[in-house]
$ cat entry.txt   # compact mmCIF, C-alpha atoms and all ligand atoms
# COMPACT_ATOMS: atom_id res chain seq x y z
CA MET Q 87 -66.37 -6.81 19.13
CA LYS Q 88 -64.51 -10.06 18.61
CA ILE Q 89 -64.68 -12.40 21.60
CA THR Q 90 -62.65 -15.56 22.10
CA MET Q 91 -64.43 -17.82 24.54
CA PHE Q 92 -62.31 -20.46 26.27
CA ASP Q 93 -63.31 -23.76 27.88
CA THR Q 94 -66.70 -23.93 26.16
CA LYS Q 95 -69.00 -26.93 25.91
CA PRO Q 96 -72.05 -27.43 23.66
CA TYR Q 97 -74.40 -26.33 26.45
CA ASP Q 98 -72.52 -23.01 26.76
CA ARG Q 99 -72.59 -22.41 23.01
CA LYS Q 100 -76.31 -23.09 22.75
CA HIS Q 101 -77.19 -20.33 25.21
CA PHE Q 102 -74.59 -17.86 23.96
CA ASP Q 103 -75.68 -18.33 20.34
CA GLU Q 104 -79.31 -17.68 21.27
CA VAL Q 105 -78.55 -14.59 23.34
CA ASN Q 106 -76.03 -13.28 20.80
CA LEU Q 107 -78.81 -12.98 18.22
CA GLY Q 108 -79.66 -9.76 20.02
CA TYR Q 109 -76.04 -8.51 20.07
CA GLY Q 110 -74.32 -9.72 16.93
CA PHE Q 111 -70.84 -10.12 18.40
CA ASP Q 112 -68.23 -12.19 16.57
CA ILE Q 113 -67.72 -15.08 19.00
CA LYS Q 114 -65.01 -17.72 18.57
CA TYR Q 115 -65.71 -20.74 20.76
CA LEU Q 116 -62.75 -22.81 21.92
CA GLU Q 117 -62.77 -26.05 23.88
CA SER Q 118 -59.31 -25.43 25.35
CA THR Q 119 -58.99 -23.72 28.68
CA LEU Q 120 -57.13 -20.45 28.76
CA GLY Q 121 -53.53 -20.92 29.85
CA VAL Q 122 -49.95 -20.02 29.06
CA ASN Q 123 -49.93 -22.05 25.85
CA SER Q 124 -53.41 -21.25 24.60
CA ALA Q 125 -53.50 -17.48 25.29
CA VAL Q 126 -52.18 -16.69 21.78
CA MET Q 127 -55.39 -18.15 20.37
CA ALA Q 128 -57.03 -14.87 21.40
CA ARG Q 129 -55.04 -13.04 18.70
CA GLY Q 130 -57.19 -10.43 17.00
CA SER Q 131 -59.88 -10.47 19.71
CA ASP Q 132 -61.04 -7.45 21.69
CA ALA Q 133 -62.25 -9.62 24.55
CA VAL Q 134 -61.65 -13.05 26.02
CA CYS Q 135 -64.19 -14.96 28.00
CA PRO Q 136 -62.61 -17.47 30.42
CA PHE Q 137 -64.28 -19.85 32.88
CA VAL Q 138 -63.52 -20.98 36.43
CA ASN Q 139 -60.60 -23.31 35.72
CA CYS Q 140 -58.83 -21.08 33.22
CA ASN Q 141 -55.45 -19.69 34.17
CA VAL Q 142 -55.77 -15.91 34.04
CA GLY Q 143 -52.47 -15.29 35.81
CA ALA Q 144 -49.82 -12.66 35.08
CA GLU Q 145 -48.08 -14.49 32.23
CA VAL Q 146 -51.37 -15.19 30.46
CA ILE Q 147 -52.50 -11.58 30.88
CA ASP Q 148 -49.22 -10.36 29.36
CA THR Q 149 -49.82 -12.53 26.31
CA LEU Q 150 -53.44 -11.38 26.03
CA ALA Q 151 -52.36 -7.73 26.25
CA ASP Q 152 -49.67 -8.29 23.60
CA GLU Q 153 -52.31 -9.87 21.35
CA GLY Q 154 -54.52 -6.78 21.67
CA VAL Q 155 -57.12 -8.02 24.17
CA ARG Q 156 -58.71 -5.18 26.14
CA LEU Q 157 -61.37 -6.95 28.15
CA ILE Q 158 -61.50 -10.13 30.23
CA ALA Q 159 -65.16 -11.06 30.62
CA MET Q 160 -65.30 -13.85 33.18
CA ARG Q 161 -68.40 -15.98 32.76
CA SER Q 162 -68.32 -16.86 36.44
CA ALA Q 163 -68.95 -15.23 39.78
CA GLY Q 164 -65.63 -16.30 41.32
CA PHE Q 165 -62.44 -14.59 40.08
CA ASN Q 166 -59.76 -16.14 42.31
CA ASN Q 167 -57.99 -17.32 39.11
CA VAL Q 168 -57.45 -13.77 37.77
CA ASP Q 169 -54.37 -11.65 38.52
CA LEU Q 170 -56.23 -8.36 38.86
CA ASN Q 171 -53.09 -6.32 39.53
CA ARG Q 172 -51.46 -7.46 36.31
CA ALA Q 173 -54.66 -6.80 34.36
CA ARG Q 174 -54.72 -3.27 35.76
CA GLU Q 175 -51.05 -2.74 34.93
CA ARG Q 176 -51.67 -3.88 31.36
CA GLY Q 177 -54.79 -1.72 30.98
CA ILE Q 178 -57.17 -4.66 30.64
CA LYS Q 179 -60.59 -4.36 32.26
CA VAL Q 180 -62.04 -7.38 34.06
CA VAL Q 181 -65.76 -8.00 34.40
CA ARG Q 182 -67.70 -10.96 35.76
CA VAL Q 183 -71.19 -12.33 36.31
CA PRO Q 184 -71.76 -11.60 40.00
CA ALA Q 185 -75.08 -13.44 40.17
CA TYR Q 186 -76.72 -15.75 37.70
CA SER Q 187 -78.70 -18.18 39.77
CA PRO Q 188 -77.74 -18.43 43.41
CA HIS Q 189 -80.63 -20.90 43.63
CA ALA Q 190 -78.87 -23.30 41.26
CA VAL Q 191 -75.82 -23.63 43.51
CA ALA Q 192 -77.75 -23.64 46.80
CA GLU Q 193 -80.14 -26.29 45.48
CA HIS Q 194 -77.22 -28.40 44.27
CA SER Q 195 -75.64 -28.26 47.70
CA PHE Q 196 -78.85 -29.66 49.18
CA ALA Q 197 -79.10 -32.29 46.45
CA MET Q 198 -75.64 -33.41 47.54
CA LEU Q 199 -76.50 -33.17 51.22
CA LEU Q 200 -79.64 -35.30 50.88
CA THR Q 201 -77.84 -37.81 48.69
CA LEU Q 202 -75.14 -38.14 51.31
CA VAL Q 203 -77.24 -38.35 54.46
CA ARG Q 204 -79.89 -40.64 52.90
CA LYS Q 205 -77.24 -42.72 51.10
CA MET Q 206 -78.93 -42.28 47.74
CA GLN Q 207 -75.73 -43.04 45.86
CA HIS Q 208 -75.88 -46.58 47.25
CA ALA Q 209 -79.66 -47.00 47.09
CA TYR Q 210 -79.72 -45.99 43.41
CA VAL Q 211 -77.11 -48.56 42.42
CA ARG Q 212 -78.70 -51.29 44.54
CA THR Q 213 -82.20 -51.10 43.10
CA ARG Q 214 -80.83 -50.98 39.55
CA GLU Q 215 -79.34 -54.40 40.34
CA PHE Q 216 -82.61 -55.57 41.94
CA ASN Q 217 -80.98 -55.55 45.37
CA PHE Q 218 -83.76 -54.31 47.63
CA SER Q 219 -81.93 -54.78 50.93
CA LEU Q 220 -81.88 -51.74 53.22
CA SER Q 221 -78.90 -52.83 55.31
CA GLY Q 222 -76.36 -50.05 55.66
CA LEU Q 223 -78.73 -47.39 54.34
CA VAL Q 224 -79.79 -45.84 57.66
CA GLY Q 225 -79.56 -42.07 57.34
CA PHE Q 226 -80.48 -39.13 59.55
CA ASP Q 227 -83.22 -36.47 59.54
CA LEU Q 228 -82.24 -32.95 58.59
CA HIS Q 229 -85.18 -31.66 60.63
CA GLY Q 230 -83.98 -30.42 64.01
CA LYS Q 231 -80.29 -30.60 63.02
CA THR Q 232 -77.92 -27.64 62.98
CA ILE Q 233 -76.45 -26.39 59.72
CA GLY Q 234 -73.40 -24.13 59.78
CA ILE Q 235 -73.40 -21.75 56.80
CA ILE Q 236 -69.99 -20.28 56.02
CA GLY Q 237 -70.60 -17.19 53.90
CA THR Q 238 -74.05 -15.60 53.90
CA GLY Q 239 -73.97 -13.86 50.53
CA LYS Q 240 -76.33 -14.56 47.64
CA ILE Q 241 -75.90 -18.36 47.58
CA GLY Q 242 -75.61 -18.69 51.35
CA ARG Q 243 -78.89 -16.80 51.77
CA CYS Q 244 -80.68 -19.17 49.37
CA ALA Q 245 -79.23 -22.10 51.30
CA ILE Q 246 -80.49 -20.60 54.55
CA ASP Q 247 -84.02 -20.41 53.14
CA ILE Q 248 -83.85 -24.05 52.05
CA ALA Q 249 -82.42 -25.13 55.42
CA LYS Q 250 -85.23 -23.36 57.24
CA GLY Q 251 -87.71 -25.24 55.07
CA PHE Q 252 -86.24 -28.47 56.40
CA GLY Q 253 -86.66 -27.22 59.97
CA MET Q 254 -82.93 -26.91 60.58
CA LYS Q 255 -81.33 -24.59 63.11
CA VAL Q 256 -79.02 -22.19 61.27
CA LEU Q 257 -75.65 -21.00 62.52
CA ALA Q 258 -73.62 -18.69 60.32
CA TYR Q 259 -70.13 -17.32 60.00
CA ASP Q 260 -69.31 -14.34 57.78
CA PRO Q 261 -66.97 -11.37 58.34
CA PHE Q 262 -69.94 -9.17 57.38
CA PRO Q 263 -72.93 -10.47 59.36
CA GLN Q 264 -76.39 -9.36 58.33
CA ASP Q 265 -79.68 -9.30 60.12
CA ILE Q 266 -81.31 -12.50 58.88
CA ASP Q 267 -84.37 -13.85 60.58
CA GLY Q 268 -83.74 -17.16 62.34
CA VAL Q 269 -79.97 -17.11 61.80
CA THR Q 270 -77.44 -16.96 64.63
CA TYR Q 271 -74.02 -15.60 63.68
CA THR Q 272 -71.15 -17.07 65.62
CA THR Q 273 -67.42 -17.64 65.44
CA LEU Q 274 -66.02 -20.16 62.99
CA ASP Q 275 -64.89 -22.36 65.90
CA VAL Q 276 -68.37 -22.49 67.46
CA LEU Q 277 -69.95 -23.13 64.06
CA LEU Q 278 -67.55 -26.00 63.40
CA SER Q 279 -68.06 -27.62 66.79
CA GLU Q 280 -71.87 -27.29 66.97
CA SER Q 281 -73.00 -28.03 63.41
CA ASP Q 282 -74.27 -31.35 62.06
CA VAL Q 283 -73.89 -30.06 58.52
CA ILE Q 284 -71.17 -27.59 57.54
CA SER Q 285 -71.65 -25.95 54.16
CA LEU Q 286 -69.37 -23.47 52.46
CA TYR Q 287 -70.71 -20.51 50.46
CA CYS Q 288 -67.82 -18.03 50.57
CA PRO Q 289 -65.38 -16.97 47.85
CA LEU Q 290 -61.78 -18.17 47.83
CA THR Q 291 -59.52 -15.29 48.79
CA LYS Q 292 -55.84 -15.01 49.60
CA ASP Q 293 -56.75 -15.15 53.32
CA ASN Q 294 -59.02 -18.19 53.51
CA ARG Q 295 -57.17 -20.90 51.59
CA HIS Q 296 -57.59 -24.15 53.54
CA LEU Q 297 -60.17 -22.60 55.86
CA ILE Q 298 -61.03 -26.23 56.58
CA ASP Q 299 -57.75 -27.95 57.41
CA GLY Q 300 -56.45 -30.51 59.90
CA GLU Q 301 -56.89 -28.15 62.84
CA SER Q 302 -60.43 -27.09 62.00
CA LEU Q 303 -61.41 -30.68 61.20
CA LYS Q 304 -60.51 -31.60 64.80
CA LYS Q 305 -63.26 -29.25 66.00
CA ILE Q 306 -66.00 -30.89 63.91
CA LYS Q 307 -68.38 -33.49 65.33
CA LYS Q 308 -67.69 -37.08 64.33
CA THR Q 309 -71.26 -37.31 63.08
CA ALA Q 310 -71.09 -34.15 60.96
CA VAL Q 311 -70.82 -33.85 57.18
CA ILE Q 312 -69.12 -31.17 55.07
CA ILE Q 313 -70.56 -29.79 51.84
CA ASN Q 314 -68.37 -27.68 49.56
CA THR Q 315 -69.91 -26.08 46.49
CA SER Q 316 -67.73 -22.94 46.67
CA ARG Q 317 -64.08 -23.37 45.73
CA GLY Q 318 -61.91 -26.45 46.21
CA ALA Q 319 -58.97 -24.75 47.91
CA LEU Q 320 -61.16 -23.68 50.83
CA VAL Q 321 -60.67 -27.27 52.03
CA ASP Q 322 -57.34 -29.02 52.50
CA SER Q 323 -58.15 -32.22 50.60
CA GLU Q 324 -55.34 -34.28 52.15
CA ASP Q 325 -56.48 -33.35 55.66
CA LEU Q 326 -60.09 -34.05 54.73
CA LEU Q 327 -59.14 -37.48 53.42
CA GLU Q 328 -57.25 -38.26 56.65
CA ALA Q 329 -60.24 -37.20 58.77
CA LEU Q 330 -62.54 -39.40 56.67
CA LYS Q 331 -60.19 -42.38 56.84
CA GLU Q 332 -59.93 -42.04 60.62
CA LYS Q 333 -63.72 -41.63 60.85
CA ARG Q 334 -63.36 -38.24 62.54
CA ILE Q 335 -66.18 -36.90 60.35
CA ALA Q 336 -69.18 -38.71 58.86
CA GLY Q 337 -68.93 -37.70 55.22
CA ALA Q 338 -68.27 -35.07 52.58
CA ALA Q 339 -69.93 -33.84 49.42
CA LEU Q 340 -67.66 -31.93 47.09
CA ASP Q 341 -68.70 -30.07 43.95
CA VAL Q 342 -65.29 -28.44 43.79
CA TYR Q 343 -61.78 -29.73 44.37
CA GLU Q 344 -58.57 -27.77 44.84
CA GLU Q 345 -56.80 -29.54 41.96
CA GLU Q 346 -59.87 -29.78 39.73
CA ALA Q 347 -58.38 -27.81 36.81
CA GLY Q 348 -57.66 -30.19 33.94
CA ILE Q 349 -59.85 -32.93 35.45
CA PHE Q 350 -63.30 -31.50 36.02
CA PHE Q 351 -65.38 -30.77 32.90
CA THR Q 352 -63.44 -33.50 31.00
CA ASP Q 353 -64.09 -37.20 30.35
CA GLN Q 354 -61.26 -39.17 31.96
CA SER Q 355 -63.14 -42.47 32.03
CA GLY Q 356 -60.85 -44.05 29.45
CA GLU Q 357 -57.58 -43.37 31.19
CA GLY Q 358 -58.41 -42.84 34.88
CA ILE Q 359 -56.92 -40.02 36.94
CA GLU Q 360 -53.44 -39.45 38.29
CA ASP Q 361 -54.59 -37.50 41.34
CA ASP Q 362 -54.47 -40.14 44.09
CA THR Q 363 -56.15 -37.92 46.68
CA LEU Q 364 -59.16 -37.32 44.45
CA ALA Q 365 -59.29 -40.99 43.42
CA ARG Q 366 -59.23 -42.05 47.08
CA LEU Q 367 -61.90 -39.52 48.03
CA ILE Q 368 -64.15 -40.72 45.19
CA SER Q 369 -63.65 -44.33 46.28
CA MET Q 370 -64.99 -43.68 49.78
CA PRO Q 371 -68.57 -44.77 50.45
CA ASN Q 372 -69.34 -41.59 52.40
CA VAL Q 373 -68.00 -39.11 49.84
CA ILE Q 374 -69.82 -37.69 46.85
CA VAL Q 375 -68.01 -35.74 44.17
CA THR Q 376 -69.66 -33.81 41.36
CA SER Q 377 -67.72 -32.01 38.68
CA HIS Q 378 -68.29 -28.32 39.53
CA GLN Q 379 -71.88 -28.74 38.47
CA GLY Q 380 -73.58 -26.44 40.98
CA TYR Q 381 -74.22 -23.71 38.41
CA LEU Q 382 -75.40 -26.07 35.67
CA THR Q 383 -79.08 -25.26 35.17
CA GLU Q 384 -80.81 -23.85 32.10
CA GLU Q 385 -81.70 -20.73 34.07
CA ALA Q 386 -78.12 -20.13 35.21
CA LEU Q 387 -76.60 -20.75 31.76
CA ARG Q 388 -79.05 -18.34 30.20
CA ALA Q 389 -78.32 -15.67 32.81
CA ILE Q 390 -74.55 -16.15 32.39
CA SER Q 391 -74.88 -15.59 28.62
CA GLU Q 392 -77.08 -12.54 29.05
CA THR Q 393 -74.91 -10.82 31.65
CA THR Q 394 -71.64 -11.65 29.88
CA LEU Q 395 -72.77 -10.21 26.55
CA GLU Q 396 -74.27 -7.16 28.27
CA ASN Q 397 -70.91 -6.68 30.04
CA VAL Q 398 -69.15 -6.77 26.66
CA LYS Q 399 -71.68 -4.34 25.18
CA GLU Q 400 -71.12 -1.84 27.99
CA PHE Q 401 -67.39 -2.03 27.30
CA ALA Q 402 -67.85 -1.68 23.53
CA GLU Q 403 -69.99 1.42 24.01
CA GLY Q 404 -67.57 2.95 26.53
CA ARG Q 405 -70.21 2.93 29.24
CA ARG Q 406 -69.69 2.38 32.96
CA LEU Q 407 -68.97 -1.31 33.59
CA ARG Q 408 -71.50 -2.35 36.19
CA ASN Q 409 -69.83 -5.69 36.81
CA GLU Q 410 -66.22 -4.59 36.73
CA ILE Q 411 -63.93 -6.22 39.29
CA LEU Q 412 -61.91 -3.40 40.79
P1 LIG Q 501 -71.38 -13.39 47.48
O1 LIG Q 501 -70.29 -12.43 47.17
O2 LIG Q 501 -72.80 -12.97 47.28
O3 LIG Q 501 -71.25 -13.88 49.00
C1 LIG Q 501 -70.06 -14.34 49.56
C2 LIG Q 501 -70.16 -14.15 51.07
O4 LIG Q 501 -69.01 -14.79 51.65
C3 LIG Q 501 -70.14 -12.69 51.50
O5 LIG Q 501 -71.19 -12.45 52.42
C4 LIG Q 501 -68.78 -12.53 52.16
O6 LIG Q 501 -68.78 -11.57 53.22
C5 LIG Q 501 -68.53 -13.93 52.68
N1 LIG Q 501 -67.15 -14.24 53.00
C6 LIG Q 501 -66.01 -13.76 52.42
N2 LIG Q 501 -64.94 -14.32 52.99
C7 LIG Q 501 -65.40 -15.17 53.93
C8 LIG Q 501 -64.76 -16.02 54.87
N3 LIG Q 501 -63.43 -16.13 54.93
N4 LIG Q 501 -65.54 -16.74 55.70
C9 LIG Q 501 -66.88 -16.64 55.67
N5 LIG Q 501 -67.54 -15.85 54.81
C10 LIG Q 501 -66.80 -15.13 53.96
O7 LIG Q 501 -71.04 -14.70 46.61
P2 LIG Q 501 -72.04 -15.85 46.14
O8 LIG Q 501 -72.69 -15.47 44.87
O9 LIG Q 501 -72.89 -16.25 47.28
O10 LIG Q 501 -70.99 -17.01 45.77
C11 LIG Q 501 -70.16 -17.59 46.76
C12 LIG Q 501 -69.13 -18.46 46.08
O11 LIG Q 501 -69.75 -19.61 45.49
C13 LIG Q 501 -68.40 -17.82 44.86
O12 LIG Q 501 -67.36 -16.96 45.29
C14 LIG Q 501 -67.89 -19.03 44.14
O13 LIG Q 501 -66.61 -19.36 44.64
C15 LIG Q 501 -68.88 -20.12 44.51
N6 LIG Q 501 -69.68 -20.54 43.34
C16 LIG Q 501 -69.71 -21.87 43.01
C17 LIG Q 501 -70.44 -22.30 41.92
C18 LIG Q 501 -70.53 -23.74 41.55
O14 LIG Q 501 -70.93 -24.05 40.41
N7 LIG Q 501 -70.21 -24.68 42.42
C19 LIG Q 501 -71.15 -21.33 41.07
C20 LIG Q 501 -71.12 -19.97 41.57
C21 LIG Q 501 -70.39 -19.60 42.65

$ encode --input "entry.txt" --output "structure tokens" --more "lines below"
Ligand code: NAI
Amino acid sequence: MKITMFDTKPYDRKHFDEVNLGYGFDIKYLESTLGVNSAVMARGSDAVCPFVNCNVGAEVIDTLADEGVRLIAMRSAGFNNVDLNRARERGIKVVRVPAYSPHAVAEHSFAMLLTLVRKMQHAYVRTREFNFSLSGLVGFDLHGKTIGIIGTGKIGRCAIDIAKGFGMKVLAYDPFPQDIDGVTYTTLDVLLSESDVISLYCPLTKDNRHLIDGESLKKIKKTAVIINTSRGALVDSEDLLEALKEKRIAGAALDVYEEEAGIFFTDQSGEGIEDDTLARLISMPNVIVTSHQGYLTEEALRAISETTLENVKEFAEGRRLRNEIL
């Protein structure tokens, strides 16, 4: 099997090279993301392996099919960037990595939450400059506060366990509620209005784009913070920025951004960014942005490599594809 892997960084290659010792696939690593112009680079490959910000839309799939690609092996859990209908029409199978380390993402969301509510981003910079003043650094306890978990799947469940460890009350919203000890399922409106922390752990689908928009932001407490480690387009960034500017919410921590493709995972420090909304959000003292880093642990990278290459092996051997997206 020849695999062309798009949007790869040295840390991806390290893990894939190690795991591939047990498989022996012919892997071509590319730095470019998959898109309309780069799809031809898959020529001669049986499989492509795109990442979260690759364009795997209809036009790209047509090119891949014309170039002989028969498998799209996403090395992510989310697949909102894949046109599944077109893949089906063109006879291309699509697989993914449904779980690699839900802990990695859940823990990152709490790293962001604690940074935000204890103002670590300011404290860190201050002490590096020998400024030991505490003015403006008053935070709030998580203990006794209410967290609203939107999406109680694998990552949401890990986040619930962490939240319980902090002594938080847990409200949840999910179209498919489960019986989870100490968790109260409620409507989205009640969750938004009663939570001190609102954290998103649901996939982006065609129905929930801008789940958090101007209207829903009106329901949120002025003292509440929003954490998004799921997908950027779940939050209307313009509306979020307005709410922050008008002090209608207390802060936001974003590991994902709706226009992140082409910005996140790249070094733009030399030229700056053209996206004024993102630049304004980053400039706010009560906003933290990380560059879609939630998954980035050794454990998760290893698991991504293992599952992806096992997915390709199943395909190569004509076996049932356990992680096929249907
Ligand atoms: P999962 O499939 O285990 O759970 C998702 C849950 O969300 C399910 O319980 C589902 O019923 C629920 N859900 C679906 N639509 C919803 C809606 N409109 N409102 C509320 N809940 C809804 O998925 P998992 O593994 O927990 O991942 C969740 C998301 O996290 C992924 O889809 C991906 O977008 C994001 N993610 C982010 C990463 C990062 O590095 N920041 C890494 C991995 C995943």

$ residues_near_ligand --input "entry.txt" --ligand "ligand LIG 501 (chain Q)" --cutoff "6 Å" --atoms "only C-alpha atoms and all ligand atoms" --output "ChimeraX atom specification"
/Q:163-164,185,191,236-242,259-262,287-290,294,315-317,341,378-381

$ atom_distance --input "entry.txt" --atom1 "atom CA of Leu150 of chain Q" --atom2 "atom CA of Ala347 of chain Q"
20.3 Å

$ closest_residue --input "entry.txt" --among "Q:Arg176, Q:His208, Q:Lys255, Q:Arg243" --to "Thr149 of chain Q" --atoms "all atoms listed in the file"
Q:Arg176

$ closest_residue --input "entry.txt" --among "Q:Tyr186, Q:Asp112, Q:Pro371, Q:Thr393" --to "Ala209 of chain Q" --atoms "all atoms listed in the file"
Q:Pro371

$ residues_around --input "entry.txt" --residues "Leu320 of chain Q" --least-positions-apart "3" --cutoff "6 Å" --atoms "all atoms listed in the file" --output "compact mmCIF listing (two decimals) with C-alpha atoms, in the coordinates of the input"
# COMPACT_ATOMS: atom_id res chain seq x y z
CA ARG Q 295 -57.17 -20.90 51.59
CA HIS Q 296 -57.59 -24.15 53.54
CA LEU Q 297 -60.17 -22.60 55.86
CA ARG Q 317 -64.08 -23.37 45.73

$ atom_distance --input "entry.txt" --atom1 "atom CA of Ser285 of chain Q" --atom2 "atom CA of Pro184 of chain Q"
20.2 Å

$ atom_distance --input "entry.txt" --atom1 "atom CA of Ser195 of chain Q" --atom2 "atom CA of Val168 of chain Q"
25.3 Å

$ residues_around --input "entry.txt" --residues "segment 137-148 of chain Q" --least-positions-apart "6" --cutoff "7 Å" --atoms "all atoms listed in the file" --output "VMD selection string"
chain Q and resid 92 to 93 119 to 122 125 160 to 162 167 to 169 172 to 173 347

$ residues_around --input "entry.txt" --residues "Met87 of chain Q" --least-positions-apart "2" --cutoff "8 Å" --atoms "all atoms listed in the file" --output "number ranges by chain"
Q: 89, 111-112, 131-133, 402

$ closest_residue --input "entry.txt" --among "Q:Ile266, Q:Ala339, Q:Val311, Q:Ala329" --to "Asp299 of chain Q" --atoms "only C-alpha atoms"
Q:Ala329

$ closest_residue --input "entry.txt" --among "Q:Pro136, Q:Gly268, Q:Gly222, Q:Pro263" --to "Asp98 of chain Q" --atoms "all atoms listed in the file"
Q:Pro136

$ axis_aligned_box --input "entry.txt" --around "segment 234-241 of chain Q" --padding-each-side "5 Å" --output "AutoDock Vina command-line options"
--center_x -73.2 --center_y -19.0 --center_z 53.7 --size_x 16.3 --size_y 20.3 --size_z 22.2
